[in-house]
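Below is entry.pdb, which holds PDB, C-alpha atoms and all ligand atoms.
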ATOM      1  CA  MET A   1     116.735 101.822 116.987
ATOM      2  CA  PRO A   2     119.130  99.151 118.382
ATOM      3  CA  LYS A   3     118.178  98.099 121.879
ATOM      4  CA  ALA A   4     120.394  97.281 124.843
ATOM      5  CA  LEU A   5     119.467  95.414 128.008
ATOM      6  CA  ILE A   6     121.493  96.760 130.914
ATOM      7  CA  VAL A   7     121.605  94.309 133.813
ATOM      8  CA  ILE A   8     122.558  96.068 137.031
ATOM      9  CA  ASP A   9     124.574  94.367 139.791
ATOM     10  CA  MET A  10     123.150  90.796 139.691
ATOM     11  CA  GLN A  11     125.773  89.728 142.227
ATOM     12  CA  ASN A  12     125.804  87.304 145.155
ATOM     13  CA  ASP A  13     126.036  90.022 147.808
ATOM     14  CA  PHE A  14     122.735  91.545 146.638
ATOM     15  CA  CYS A  15     120.947  88.175 146.697
ATOM     16  CA  PRO A  16     119.582  86.313 149.752
ATOM     17  CA  GLY A  17     122.526  85.110 151.867
ATOM     18  CA  GLY A  18     124.694  87.996 150.658
ATOM     19  CA  ALA A  19     126.150  90.906 152.618
ATOM     20  CA  LEU A  20     123.626  93.468 151.336
ATOM     21  CA  ALA A  21     120.812  91.112 150.406
ATOM     22  CA  VAL A  22     117.825  92.499 148.528
ATOM     23  CA  ALA A  23     114.629  90.513 149.298
ATOM     24  CA  GLY A  24     113.821  88.265 146.336
ATOM     25  CA  GLY A  25     116.932  89.375 144.473
ATOM     26  CA  ASP A  26     117.574  85.847 143.228
ATOM     27  CA  MET A  27     114.003  85.436 141.940
ATOM     28  CA  ILE A  28     114.591  87.636 138.877
ATOM     29  CA  VAL A  29     117.598  85.782 137.449
ATOM     30  CA  GLN A  30     115.697  83.424 135.119
ATOM     31  CA  LEU A  31     113.449  86.223 133.902
ATOM     32  CA  ILE A  32     116.510  88.342 133.048
ATOM     33  CA  ASN A  33     118.152  85.385 131.264
ATOM     34  CA  ALA A  34     115.022  84.930 129.133
ATOM     35  CA  MET A  35     114.786  88.661 128.342
ATOM     36  CA  MET A  36     118.346  88.765 126.972
ATOM     37  CA  ARG A  37     117.147  87.170 123.706
ATOM     38  CA  GLU A  38     114.935  90.163 122.914
ATOM     39  CA  PHE A  39     117.804  92.669 122.760
ATOM     40  CA  ASP A  40     120.574  93.512 120.293
ATOM     41  CA  THR A  41     123.103  93.602 123.082
ATOM     42  CA  VAL A  42     123.440  92.925 126.792
ATOM     43  CA  VAL A  43     125.600  94.942 129.184
ATOM     44  CA  LEU A  44     126.251  93.801 132.761
ATOM     45  CA  THR A  45     127.363  96.055 135.598
ATOM     46  CA  GLN A  46     129.370  94.795 138.560
ATOM     47  CA  ASP A  47     129.682  96.660 141.880
ATOM     48  CA  TRP A  48     133.404  96.349 142.616
ATOM     49  CA  HIS A  49     134.787  97.917 145.791
ATOM     50  CA  PRO A  50     138.289  97.940 147.330
ATOM     51  CA  ALA A  51     138.454  96.888 151.011
ATOM     52  CA  ASP A  52     138.995 100.498 152.157
ATOM     53  CA  HIS A  53     135.958 101.815 150.271
ATOM     54  CA  ALA A  54     134.375 104.945 151.793
ATOM     55  CA  SER A  55     130.817 103.554 151.444
ATOM     56  CA  PHE A  56     131.481 100.754 153.981
ATOM     57  CA  ALA A  57     130.123 101.598 157.450
ATOM     58  CA  ASP A  58     132.935  99.632 159.099
ATOM     59  CA  ASN A  59     135.509 102.000 157.574
ATOM     60  CA  HIS A  60     133.962 104.836 159.635
ATOM     61  CA  PRO A  61     134.445 104.759 163.416
ATOM     62  CA  GLU A  62     131.129 104.100 165.210
ATOM     63  CA  ALA A  63     128.968 104.417 162.105
ATOM     64  CA  GLU A  64     125.985 102.075 161.827
ATOM     65  CA  PRO A  65     125.203 100.328 158.548
ATOM     66  CA  PHE A  66     122.384 102.082 156.662
ATOM     67  CA  SER A  67     123.110 105.442 158.367
ATOM     68  CA  LEU A  68     123.624 108.576 156.323
ATOM     69  CA  THR A  69     126.888 110.530 156.176
ATOM     70  CA  GLU A  70     128.135 113.584 154.331
ATOM     71  CA  MET A  71     130.857 113.084 151.699
ATOM     72  CA  PRO A  72     132.607 115.867 149.749
ATOM     73  CA  TYR A  73     130.241 115.031 146.853
ATOM     74  CA  GLY A  74     127.036 115.002 148.981
ATOM     75  CA  PRO A  75     125.005 112.670 151.215
ATOM     76  CA  GLN A  76     125.987 108.998 151.187
ATOM     77  CA  VAL A  77     124.395 105.940 152.797
ATOM     78  CA  LEU A  78     126.950 103.826 154.678
ATOM     79  CA  TRP A  79     126.447 100.199 153.647
ATOM     80  CA  PRO A  80     127.496  96.888 155.101
ATOM     81  CA  ARG A  81     130.764  95.761 153.501
ATOM     82  CA  HIS A  82     129.781  94.226 150.135
ATOM     83  CA  CYS A  83     131.098  93.364 146.663
ATOM     84  CA  VAL A  84     134.748  93.495 147.662
ATOM     85  CA  ILE A  85     136.980  93.121 144.592
ATOM     86  CA  GLY A  86     137.609  89.456 143.801
ATOM     87  CA  SER A  87     135.337  88.089 146.547
ATOM     88  CA  GLU A  88     132.583  85.485 146.134
ATOM     89  CA  GLY A  89     130.077  88.183 147.105
ATOM     90  CA  ALA A  90     131.196  90.313 144.159
ATOM     91  CA  ALA A  91     130.746  87.419 141.696
ATOM     92  CA  PHE A  92     127.654  87.286 139.524
ATOM     93  CA  HIS A  93     124.760  85.093 140.675
ATOM     94  CA  PRO A  94     125.750  81.586 139.511
ATOM     95  CA  ALA A  95     122.579  81.164 137.406
ATOM     96  CA  LEU A  96     122.968  84.472 135.521
ATOM     97  CA  ASP A  97     123.687  83.855 131.832
ATOM     98  CA  LEU A  98     126.978  85.648 131.167
ATOM     99  CA  ASP A  99     127.410  84.385 127.607
ATOM    100  CA  ARG A 100     125.292  87.050 125.919
ATOM    101  CA  ALA A 101     127.061  89.985 127.605
ATOM    102  CA  ASP A 102     129.072  92.139 125.179
ATOM    103  CA  LEU A 103     130.384  94.319 127.993
ATOM    104  CA  VAL A 104     130.858  94.009 131.744
ATOM    105  CA  ILE A 105     131.367  97.388 133.331
ATOM    106  CA  ARG A 106     132.699  97.663 136.875
ATOM    107  CA  LYS A 107     131.962 100.589 139.156
ATOM    108  CA  GLY A 108     132.801 101.767 142.653
ATOM    109  CA  PHE A 109     136.489 100.876 142.447
ATOM    110  CA  ARG A 110     137.764 104.282 143.619
ATOM    111  CA  PRO A 111     138.164 104.140 147.423
ATOM    112  CA  GLU A 112     136.945 107.690 148.064
ATOM    113  CA  ILE A 113     133.765 107.731 146.004
ATOM    114  CA  ASP A 114     130.737 105.472 145.603
ATOM    115  CA  SER A 115     129.140 104.781 142.243
ATOM    116  CA  TYR A 116     125.494 103.709 142.101
ATOM    117  CA  SER A 117     124.977 104.703 138.470
ATOM    118  CA  ALA A 118     126.420 102.763 135.569
ATOM    119  CA  PHE A 119     127.235 106.126 133.923
ATOM    120  CA  PHE A 120     128.623 108.448 136.616
ATOM    121  CA  GLU A 121     130.055 108.062 140.078
ATOM    122  CA  ASN A 122     128.124 109.663 142.937
ATOM    123  CA  ASP A 123     129.698 113.090 142.275
ATOM    124  CA  HIS A 124     127.570 113.017 139.075
ATOM    125  CA  LYS A 125     130.741 114.031 137.156
ATOM    126  CA  THR A 126     133.254 111.177 136.996
ATOM    127  CA  SER A 127     132.264 109.096 133.962
ATOM    128  CA  THR A 128     132.441 105.311 133.736
ATOM    129  CA  GLY A 129     132.691 105.511 129.924
ATOM    130  CA  LEU A 130     129.437 103.617 129.344
ATOM    131  CA  ALA A 131     127.649 106.440 127.501
ATOM    132  CA  GLY A 132     130.462 106.635 124.954
ATOM    133  CA  TYR A 133     130.366 102.868 124.409
ATOM    134  CA  LEU A 134     126.609 102.858 123.817
ATOM    135  CA  ARG A 135     126.691 105.898 121.523
ATOM    136  CA  GLU A 136     129.503 104.501 119.388
ATOM    137  CA  ARG A 137     127.408 101.371 118.903
ATOM    138  CA  ASP A 138     124.217 103.366 118.166
ATOM    139  CA  LEU A 139     122.485 101.756 121.145
ATOM    140  CA  ALA A 140     119.960 104.491 121.913
ATOM    141  CA  ASP A 141     117.097 102.463 123.430
ATOM    142  CA  LEU A 142     117.999 101.160 126.883
ATOM    143  CA  SER A 143     116.090  98.845 129.230
ATOM    144  CA  PHE A 144     117.264  98.451 132.810
ATOM    145  CA  VAL A 145     116.767  95.445 135.106
ATOM    146  CA  GLY A 146     118.561  94.087 138.175
ATOM    147  CA  LEU A 147     119.438  95.275 141.676
ATOM    148  CA  ALA A 148     118.654  97.379 143.445
ATOM    149  CA  HIS A 149     115.613  99.066 141.922
ATOM    150  CA  ASP A 150     115.803 102.128 144.213
ATOM    151  CA  PHE A 151     119.568 102.669 144.114
ATOM    152  CA  CYS A 152     121.755 101.436 141.267
ATOM    153  CA  VAL A 153     118.914 100.769 138.790
ATOM    154  CA  ALA A 154     117.224 104.122 139.477
ATOM    155  CA  TRP A 155     120.403 106.198 139.396
ATOM    156  CA  SER A 156     121.504 104.498 136.170
ATOM    157  CA  ALA A 157     118.129 105.002 134.475
ATOM    158  CA  ILE A 158     117.921 108.670 135.507
ATOM    159  CA  ASP A 159     121.451 109.383 134.252
ATOM    160  CA  ALA A 160     120.672 107.592 130.971
ATOM    161  CA  ALA A 161     117.539 109.708 130.464
ATOM    162  CA  LYS A 162     119.477 112.906 131.243
ATOM    163  CA  LEU A 163     122.098 111.833 128.672
ATOM    164  CA  GLY A 164     119.386 111.623 125.999
ATOM    165  CA  PHE A 165     118.842 107.857 125.755
ATOM    166  CA  THR A 166     115.327 106.386 125.510
ATOM    167  CA  VAL A 167     114.977 104.618 128.855
ATOM    168  CA  SER A 168     112.716 101.966 130.385
ATOM    169  CA  VAL A 169     112.927 100.125 133.677
ATOM    170  CA  ILE A 170     111.263  96.699 133.588
ATOM    171  CA  GLU A 171     109.984  96.578 137.137
ATOM    172  CA  GLU A 172     109.155  92.866 137.334
ATOM    173  CA  ALA A 173     112.871  92.185 136.725
ATOM    174  CA  THR A 174     114.083  94.390 139.601
ATOM    175  CA  ARG A 175     113.886  94.226 143.414
ATOM    176  CA  ALA A 176     114.331  97.108 145.894
ATOM    177  CA  ILE A 177     116.227  97.709 149.147
ATOM    178  CA  ASP A 178     113.451 100.170 150.167
ATOM    179  CA  LEU A 179     115.246 102.181 152.857
ATOM    180  CA  ASP A 180     112.998 104.878 154.421
ATOM    181  CA  GLY A 181     110.689 105.173 151.420
ATOM    182  CA  SER A 182     113.529 105.106 148.899
ATOM    183  CA  LEU A 183     111.546 103.007 146.394
ATOM    184  CA  GLU A 184     108.622 105.422 146.020
ATOM    185  CA  LYS A 185     111.031 108.377 145.867
ATOM    186  CA  ALA A 186     113.135 106.623 143.215
ATOM    187  CA  ARG A 187     110.027 105.831 141.132
ATOM    188  CA  ALA A 188     108.895 109.473 141.277
ATOM    189  CA  ASP A 189     112.399 110.690 140.388
ATOM    190  CA  MET A 190     112.586 108.249 137.458
ATOM    191  CA  ARG A 191     109.207 109.359 136.101
ATOM    192  CA  GLY A 192     110.278 112.995 136.529
ATOM    193  CA  ALA A 193     113.404 112.342 134.468
ATOM    194  CA  GLY A 194     111.371 110.789 131.646
ATOM    195  CA  VAL A 195     112.051 107.129 132.406
ATOM    196  CA  THR A 196     109.240 104.719 131.417
ATOM    197  CA  LEU A 197     108.419 102.237 134.198
ATOM    198  CA  ARG A 198     107.128  99.038 132.602
TER     199      ARG A 198
HETATM  200  C1  LIG A 201     123.982  99.102 145.401
HETATM  201  C2  LIG A 201     124.145  99.970 147.506
HETATM  202  C3  LIG A 201     125.521  99.916 147.451
HETATM  203  C4  LIG A 201     123.086  98.653 144.287
HETATM  204  C5  LIG A 201     125.360  99.049 145.318
HETATM  205  O1  LIG A 201     123.526  97.843 143.454
HETATM  206  O2  LIG A 201     121.919  99.119 144.248
HETATM  207  N1  LIG A 201     123.382  99.575 146.498
HETATM  208  N2  LIG A 201     126.109  99.455 146.348
HETATM  209 ZN    ZN A 202     128.189  99.159 146.428
END

What does this structure look like when you write it as structure tokens?
Amino acid sequence: MPKALIVIDMQNDFCPGGALAVAGGDMIVQLINAMMREFDTVVLTQDWHPADHASFADNHPEAEPFSLTEMPYGPQVLWPRHCVIGSEGAAFHPALDLDRADLVIRKGFRPEIDSYSAFFENDHKTSTGLAGYLRERDLADLSFVGLAHDFCVAWSAIDAAKLGFTVSVIEEATRAIDLDGSLEKARADMRGAGVTLR
């Protein structure tokens, strides 16, 4: 079964010094680069938000970053402004090996809806097209790495399992935001969906 490595959001804003820095986010870059050789293909995702994106706390009067709000599609964390289209923060970490990537898929570019998962936006309905790409290439065995373990990696892995792919998350090549116990909840949800945590 052909195997794909799906590298989630290895971007400057999620690394130390970035707008939504994940502790140790930069420490997994070399490990991910080395892992790329073991897979038939590599897919990169890129969080890619317009300036007026609804997930940015500063687009909501008096909202604090990391607070929870209600969107038409359900609860949504309001984040510090990050990964704005074309910005240095949205660029991939400079040491990430981009040469082996067959596909770079961008997500979160619709102003009114956030997109943690590489497969569906946060309404769990609007598709990014990634499942179709993988299926047409017979890539049925997927391994997920990158940032952040408890948000974009977890949501992507759970959607992939629900879509019928064989799914692993390689935990040593991820790092978490860990907001109010979100990492342990995400790990339980992933296991419940049939994701293997390695
Ligand atoms: C992410 C929060 C907001 C992630 C992206 O990559 O996990 N988290 N946007
Ligand atoms: Zn984002």

Please identify every residue of chain A that has at least one atom no farther than 12 Å from an atom of ligand ZN 202 (chain A), counting only C-alpha atoms and all ligand atoms, and for each give the shortest atom pair and the distance in Å to one decimal, arranged by chain then increasing number, as a Markdown table.
| residue | atom | partner | partner_atom | distance |
| --- | --- | --- | --- | --- |
| A:Ile8 | CA | A:ZN202 | ZN | 11.4 |
| A:Asp9 | CA | A:ZN202 | ZN | 8.9 |
| A:Met10 | CA | A:ZN202 | ZN | 11.9 |
| A:Gln11 | CA | A:ZN202 | ZN | 10.6 |
| A:Asp13 | CA | A:ZN202 | ZN | 9.5 |
| A:Phe14 | CA | A:ZN202 | ZN | 9.4 |
| A:Ala19 | CA | A:ZN202 | ZN | 10.5 |
| A:Leu20 | CA | A:ZN202 | ZN | 8.8 |
| A:Ala21 | CA | A:ZN202 | ZN | 11.6 |
| A:Thr45 | CA | A:ZN202 | ZN | 11.3 |
| A:Gln46 | CA | A:ZN202 | ZN | 9.1 |
| A:Asp47 | CA | A:ZN202 | ZN | 5.4 |
| A:Trp48 | CA | A:ZN202 | ZN | 7.0 |
| A:His49 | CA | A:ZN202 | ZN | 6.7 |
| A:Pro50 | CA | A:ZN202 | ZN | 10.2 |
| A:Ala51 | CA | A:ZN202 | ZN | 11.5 |
| A:His53 | CA | A:ZN202 | ZN | 9.1 |
| A:Ala54 | CA | A:ZN202 | ZN | 10.0 |
| A:Ser55 | CA | A:ZN202 | ZN | 7.2 |
| A:Phe56 | CA | A:ZN202 | ZN | 8.4 |
| A:Ala57 | CA | A:ZN202 | ZN | 11.5 |
| A:Gln76 | CA | A:ZN202 | ZN | 11.1 |
| A:Val77 | CA | A:ZN202 | ZN | 10.0 |
| A:Leu78 | CA | A:ZN202 | ZN | 9.6 |
| A:Trp79 | CA | A:ZN202 | ZN | 7.5 |
| A:Pro80 | CA | A:ZN202 | ZN | 9.0 |
| A:Arg81 | CA | A:ZN202 | ZN | 8.3 |
| A:His82 | CA | A:ZN202 | ZN | 6.4 |
| A:Cys83 | CA | A:ZN202 | ZN | 6.5 |
| A:Val84 | CA | A:ZN202 | ZN | 8.8 |
| A:Ile85 | CA | A:ZN202 | ZN | 10.8 |
| A:Gly89 | CA | A:ZN202 | ZN | 11.2 |
| A:Ala90 | CA | A:ZN202 | ZN | 9.6 |
| A:Arg106 | CA | A:ZN202 | ZN | 10.7 |
| A:Lys107 | CA | A:ZN202 | ZN | 8.3 |
| A:Gly108 | CA | A:ZN202 | ZN | 6.5 |
| A:Phe109 | CA | A:ZN202 | ZN | 9.4 |
| A:Arg110 | CA | A:ZN202 | ZN | 11.2 |
| A:Pro111 | CA | A:ZN202 | ZN | 11.2 |
| A:Ile113 | CA | A:ZN202 | ZN | 10.2 |
| A:Asp114 | CA | A:ZN202 | ZN | 6.9 |
| A:Ser115 | CA | A:ZN202 | ZN | 7.1 |
| A:Tyr116 | CA | A:ZN202 | ZN | 6.8 |
| A:Ser117 | CA | A:ZN202 | ZN | 10.2 |
| A:Ala118 | CA | A:ZN202 | ZN | 11.6 |
| A:Glu121 | CA | A:ZN202 | ZN | 11.1 |
| A:Asn122 | CA | A:ZN202 | ZN | 11.1 |
| A:Leu147 | CA | A:ZN202 | ZN | 10.7 |
| A:Ala148 | CA | A:ZN202 | ZN | 10.1 |
| A:Phe151 | CA | A:ZN202 | ZN | 9.6 |
| A:Cys152 | CA | A:ZN202 | ZN | 8.6 |

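CA of Ala160 in chain A is found 28.9 Å from CA of Pro65 in chain A.
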
Matched chain/residue IDs from the PyMOL selection byres (((chain A and resi 3) around 10) and not hetatm), as a PyMOL selection string: chain A and resi 1-2+4-6+38-42+134+138-143+166

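Distance-wise, CA of Asp99 in chain A and CA of Leu44 in chain A end up 10.8 Å apart.
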
For Lys185 in chain A: contacts at 12 Å, only C-alpha atoms, fewer than 4 positions along chain excluded, given as a list in words: His149, Asp150, Phe151, Ala154, Trp155, Ala176, Asp178, Leu179, Asp180, Gly181, Asp189, Met190, Arg191 and Gly192 of chain A

Selected residue, from A:Pro61, A:Gly194, A:Gly129, A:Gly17, that lies nearest to Leu103 in chain A when counting all atoms listed in the file: A:Gly129

Residue among A:Val153, A:Met71, A:Leu163, A:Val195 lying closest to ligand LIG 201 (chain A), counting only C-alpha atoms and all ligand atoms: A:Val153

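Closest approach to ligand LIG 201 (chain A) from the set A:Ala188, A:Val104, A:Ile177, A:Glu136 is made by A:Ile177, with distances taken over all atoms listed in the file.
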
Distance query Asn12 in chain A at most 6 Å, all atoms listed in the file, self and fewer than 5 positions along chain excluded, as JSON, numbers by chain: {"A": [18, 89, 92, 93]}

Coordinates-based distance that separates CA of Met36 in chain A from CA of Ala101 in chain A (Å, one decimal): 8.8 Å

Once 8 Å is added on each side, what centre and edge lengths in Å to one decimal does the axis-aligned box around all listed atoms of range 150-161 of chain A have, as JSON?
{"center_x": 118.8, "center_y": 105.2, "center_z": 137.3, "size_x": 22.0, "size_y": 24.9, "size_z": 29.7}

If you apply the PyMOL selection byres (((chain A and resi 169) around 7) and not hetatm) to this file, what residues do you get, as a PDB file with C-alpha atoms, in the coordinates of the input?
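Dumped to part-v3.pdb:
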ATOM      1  CA  SER A 143     116.090  98.845 129.230  1.00  0.00           C
ATOM      2  CA  PHE A 144     117.264  98.451 132.810  1.00  0.00           C
ATOM      3  CA  VAL A 145     116.767  95.445 135.106  1.00  0.00           C
ATOM      4  CA  VAL A 167     114.977 104.618 128.855  1.00  0.00           C
ATOM      5  CA  SER A 168     112.716 101.966 130.385  1.00  0.00           C
ATOM      6  CA  ILE A 170     111.263  96.699 133.588  1.00  0.00           C
ATOM      7  CA  GLU A 171     109.984  96.578 137.137  1.00  0.00           C
ATOM      8  CA  THR A 196     109.240 104.719 131.417  1.00  0.00           C
ATOM      9  CA  LEU A 197     108.419 102.237 134.198  1.00  0.00           C
ATOM     10  CA  ARG A 198     107.128  99.038 132.602  1.00  0.00           C
TER      11      ARG A 198
END
